[in-house]
Amino acid sequence: MDRRKKTNSEYIIDALRFGKDLRSPEITERVSELSGKKMKIQDIASILAKLSNSEKCDLGFFIQKRKTSKGYTYNLVPEIFELEPEEIYDLTRKTGKNRYTLEEGLEKSPGLKKYVKASRLRQVSPRAAATRRREQQSISAAAKHGRMPKTTAETRLSDDASMQTVLTEIFKGLTSQGLNINVNLNVRFEGFAGY
């Protein structure tokens, strides 16, 4: 049994998982049934607009929106069903601890790649995504078991080579995640008397 309450986005995904070419009124009706509360079509339409926009939400790549004579219909691409419902839900989030990412979804279900814009695919290569996932898992495991290294004011770098090694590793880790880096360096010299 799920211990947390589902969001409206998750109820919409559930409605789309069990229907094909659904219109907003049908999705609203289904969400009302699933959630046990009366939903407004405007609220559901607003959430659908966000979910189906791939620039705002990764799930948007996998929601097909078609214009018909009666309005727009929505459905999920067939390949998305290779993912677990919780994994699909996570594609609606941009942040979160242990969130299932688009890259992980593409790795698990390569057939989904044809729906994702080429520019988005280039942002993170599968190899970089796998490396980042392994790093996150090892950090989480170390933190969970209390084995995180302790740093103190006494921790010092003994020579230029070790400083360069540490900085190189930090920058590699940050840039592999697609982060831009700005560096401000403060240097304090000790032991110079009279200056």
# chains A, B, ... in the order shown; residues from 1 in each chain; ligands from 1

$ closest_atom_pairs --of "segment 41-96 of chain A" --to "segment 114-123 of chain A" --cutoff "10 Å" --atoms "only C-alpha atoms" --output "Markdown table"
| residue | atom | partner | partner_atom | distance |
| --- | --- | --- | --- | --- |
| A:Ser54 | CA | A:Val116 | CA | 8.6 |
| A:Glu55 | CA | A:Arg120 | CA | 9.6 |
| A:Asp58 | CA | A:Val116 | CA | 8.9 |
| A:Leu59 | CA | A:Val116 | CA | 9.9 |
| A:Gly60 | CA | A:Val116 | CA | 9.2 |
| A:Phe61 | CA | A:Val116 | CA | 5.7 |
| A:Phe62 | CA | A:Tyr115 | CA | 6.6 |
| A:Ile63 | CA | A:Tyr115 | CA | 9.5 |
| A:Gln64 | CA | A:Tyr115 | CA | 9.7 |
| A:Val77 | CA | A:Tyr115 | CA | 8.7 |
| A:Glu79 | CA | A:Tyr115 | CA | 9.8 |

$ select_by_dssp --residues "segment 12-120 of chain A" --states "strand (DSSP E)" --output "list in words"
Leu22, Arg23, Ile63, Gln64, Lys65, Arg66, Lys67, Thr68, Gly71, Tyr72, Thr73, Tyr74, Asn75 and Leu76 of chain A

$ write_last_selection --atoms "C-alpha atoms" --output "tab-separated table (two decimals), in the first residue's frame"
chain	number	residue	atom	x	y	z
A	22	LEU	CA	-8.51	10.78	-23.88
A	23	ARG	CA	-9.86	14.32	-23.90
A	63	ILE	CA	2.64	12.36	-23.98
A	64	GLN	CA	1.12	12.57	-27.42
A	65	LYS	CA	-1.26	15.47	-27.88
A	66	ARG	CA	-3.43	15.44	-31.00
A	67	LYS	CA	-5.90	18.02	-32.25
A	68	THR	CA	-9.27	16.58	-33.26
A	71	GLY	CA	-10.51	19.30	-29.10
A	72	TYR	CA	-7.20	17.82	-28.03
A	73	THR	CA	-6.70	14.18	-27.09
A	74	TYR	CA	-3.86	12.83	-24.98
A	75	ASN	CA	-2.19	9.46	-24.65
A	76	LEU	CA	1.13	7.98	-23.56

$ closest_residue --among "A:Ile12, A:Leu106, A:Ile47, A:Cys57" --to "Arg93 of chain A" --atoms "only C-alpha atoms"
A:Cys57

$ residues_around --residues "Ala15 of chain A" --least-positions-apart "5" --cutoff "8 Å" --atoms "only C-alpha atoms" --output "PyMOL selection string"
chain A and resi 27+30-31

$ atom_distance --atom1 "atom CA of Ser35 of chain A" --atom2 "atom CA of Asn8 of chain A"
8.1 Å

$ atom_distance --atom1 "atom CA of Ile41 of chain A" --atom2 "atom CA of Gly96 of chain A"
28.3 Å

$ select_by_dssp --residues "segment 64-108 of chain A" --states "alpha helix (DSSP H)" --output "ChimeraX atom specification"
/A:85-90,102-108

$ write_last_selection --atoms "C-alpha atoms" --output "short mmCIF file (atom, residue, chain, number, x, y, z; two decimals), in the first residue's frame"
data_model
loop_
_atom_site.label_atom_id
_atom_site.label_comp_id
_atom_site.auth_asym_id
_atom_site.auth_seq_id
_atom_site.Cartn_x
_atom_site.Cartn_y
_atom_site.Cartn_z
CA PRO A 85 4.49 3.75 -12.60
CA GLU A 86 6.75 5.32 -9.94
CA GLU A 87 9.47 5.83 -12.56
CA ILE A 88 6.97 7.54 -14.86
CA TYR A 89 5.81 9.76 -11.98
CA ASP A 90 9.41 10.83 -11.36
CA LEU A 102 15.07 10.82 -18.11
CA GLU A 103 18.53 9.36 -18.76
CA GLU A 104 17.76 6.32 -16.61
CA GLY A 105 14.45 5.86 -18.43
CA LEU A 106 16.18 6.00 -21.81
CA GLU A 107 18.73 3.47 -20.61
CA LYS A 108 16.01 1.08 -19.39
#

$ atom_distance --atom1 "atom CA of Ala45 of chain A" --atom2 "atom CA of Ser24 of chain A"
6.2 Å

$ closest_residue --among "A:Lys70, A:Lys6, A:Lys56, A:Lys37" --to "Asp21 of chain A" --atoms "only C-alpha atoms"
A:Lys70

$ decode --residues "segment 35-58 of chain A" --atoms "N, CA, C and O atoms" --output "mmCIF file, in the first residue's frame"
data_model
loop_
_atom_site.group_PDB
_atom_site.id
_atom_site.type_symbol
_atom_site.label_atom_id
_atom_site.label_comp_id
_atom_site.auth_asym_id
_atom_site.auth_seq_id
_atom_site.Cartn_x
_atom_site.Cartn_y
_atom_site.Cartn_z
ATOM 1 N N SER A 35 -9.107 9.720 -7.451
ATOM 2 C CA SER A 35 -8.741 10.479 -6.251
ATOM 3 C C SER A 35 -9.844 10.510 -5.206
ATOM 4 O O SER A 35 -9.595 10.801 -4.037
ATOM 5 N N GLY A 36 -11.077 10.248 -5.633
ATOM 6 C CA GLY A 36 -12.194 10.295 -4.707
ATOM 7 C C GLY A 36 -12.659 11.702 -4.393
ATOM 8 O O GLY A 36 -13.372 11.927 -3.424
ATOM 9 N N LYS A 37 -12.240 12.672 -5.199
ATOM 10 C CA LYS A 37 -12.710 14.047 -4.991
ATOM 11 C C LYS A 37 -13.045 14.675 -6.342
ATOM 12 O O LYS A 37 -12.473 14.315 -7.369
ATOM 13 N N LYS A 38 -13.965 15.598 -6.310
ATOM 14 C CA LYS A 38 -14.429 16.260 -7.531
ATOM 15 C C LYS A 38 -13.345 17.202 -8.043
ATOM 16 O O LYS A 38 -12.897 18.090 -7.334
ATOM 17 N N MET A 39 -12.921 16.982 -9.278
ATOM 18 C CA MET A 39 -11.873 17.797 -9.886
ATOM 19 C C MET A 39 -12.491 18.750 -10.904
ATOM 20 O O MET A 39 -13.485 18.418 -11.542
ATOM 21 N N LYS A 40 -11.866 19.909 -11.053
ATOM 22 C CA LYS A 40 -12.310 20.891 -12.039
ATOM 23 C C LYS A 40 -11.534 20.681 -13.330
ATOM 24 O O LYS A 40 -10.316 20.464 -13.301
ATOM 25 N N ILE A 41 -12.243 20.783 -14.445
ATOM 26 C CA ILE A 41 -11.595 20.570 -15.743
ATOM 27 C C ILE A 41 -10.481 21.587 -15.984
ATOM 28 O O ILE A 41 -9.445 21.257 -16.570
ATOM 29 N N GLN A 42 -10.647 22.833 -15.484
ATOM 30 C CA GLN A 42 -9.611 23.858 -15.665
ATOM 31 C C GLN A 42 -8.316 23.456 -14.966
ATOM 32 O O GLN A 42 -7.222 23.676 -15.494
ATOM 33 N N ASP A 43 -8.434 22.878 -13.772
ATOM 34 C CA ASP A 43 -7.253 22.459 -13.022
ATOM 35 C C ASP A 43 -6.523 21.329 -13.746
ATOM 36 O O ASP A 43 -5.297 21.339 -13.872
ATOM 37 N N ILE A 44 -7.284 20.371 -14.229
ATOM 38 C CA ILE A 44 -6.692 19.230 -14.942
ATOM 39 C C ILE A 44 -6.069 19.707 -16.252
ATOM 40 O O ILE A 44 -4.958 19.296 -16.609
ATOM 41 N N ALA A 45 -6.751 20.597 -16.972
ATOM 42 C CA ALA A 45 -6.221 21.118 -18.242
ATOM 43 C C ALA A 45 -4.911 21.868 -18.002
ATOM 44 O O ALA A 45 -3.965 21.763 -18.799
ATOM 45 N N SER A 46 -4.831 22.606 -16.905
ATOM 46 C CA SER A 46 -3.618 23.349 -16.570
ATOM 47 C C SER A 46 -2.451 22.393 -16.296
ATOM 48 O O SER A 46 -1.335 22.596 -16.775
ATOM 49 N N ILE A 47 -2.714 21.355 -15.540
ATOM 50 C CA ILE A 47 -1.671 20.364 -15.236
ATOM 51 C C ILE A 47 -1.271 19.616 -16.504
ATOM 52 O O ILE A 47 -0.085 19.372 -16.750
ATOM 53 N N LEU A 48 -2.252 19.266 -17.336
ATOM 54 C CA LEU A 48 -1.964 18.580 -18.599
ATOM 55 C C LEU A 48 -1.071 19.423 -19.502
ATOM 56 O O LEU A 48 -0.188 18.900 -20.181
ATOM 57 N N ALA A 49 -1.324 20.744 -19.523
ATOM 58 C CA ALA A 49 -0.507 21.637 -20.346
ATOM 59 C C ALA A 49 0.953 21.578 -19.906
ATOM 60 O O ALA A 49 1.868 21.553 -20.741
ATOM 61 N N LYS A 50 1.183 21.523 -18.605
ATOM 62 C CA LYS A 50 2.552 21.434 -18.087
ATOM 63 C C LYS A 50 3.155 20.066 -18.382
ATOM 64 O O LYS A 50 4.283 19.954 -18.869
ATOM 65 N N LEU A 51 2.404 19.010 -18.086
ATOM 66 C CA LEU A 51 2.919 17.654 -18.268
ATOM 67 C C LEU A 51 3.246 17.342 -19.728
ATOM 68 O O LEU A 51 4.178 16.588 -20.005
ATOM 69 N N SER A 52 2.491 17.895 -20.654
ATOM 70 C CA SER A 52 2.695 17.579 -22.069
ATOM 71 C C SER A 52 3.708 18.510 -22.736
ATOM 72 O O SER A 52 3.998 18.362 -23.918
ATOM 73 N N ASN A 53 4.286 19.446 -21.978
ATOM 74 C CA ASN A 53 5.283 20.371 -22.509
ATOM 75 C C ASN A 53 6.675 19.855 -22.137
ATOM 76 O O ASN A 53 7.088 19.921 -20.984
ATOM 77 N N SER A 54 7.411 19.358 -23.118
ATOM 78 C CA SER A 54 8.714 18.742 -22.848
ATOM 79 C C SER A 54 9.752 19.743 -22.354
ATOM 80 O O SER A 54 10.788 19.344 -21.827
ATOM 81 N N GLU A 55 9.504 21.038 -22.508
ATOM 82 C CA GLU A 55 10.447 22.024 -21.993
ATOM 83 C C GLU A 55 10.259 22.257 -20.499
ATOM 84 O O GLU A 55 11.149 22.741 -19.819
ATOM 85 N N LYS A 56 9.082 21.911 -19.983
ATOM 86 C CA LYS A 56 8.805 22.086 -18.556
ATOM 87 C C LYS A 56 8.871 20.773 -17.793
ATOM 88 O O LYS A 56 9.018 20.764 -16.580
ATOM 89 N N CYS A 57 8.716 19.666 -18.511
ATOM 90 C CA CYS A 57 8.586 18.373 -17.846
ATOM 91 C C CYS A 57 9.092 17.279 -18.784
ATOM 92 O O CYS A 57 8.684 17.218 -19.944
ATOM 93 N N ASP A 58 9.992 16.410 -18.295
ATOM 94 C CA ASP A 58 10.537 15.344 -19.139
ATOM 95 C C ASP A 58 9.467 14.375 -19.642
ATOM 96 O O ASP A 58 9.599 13.809 -20.722
#
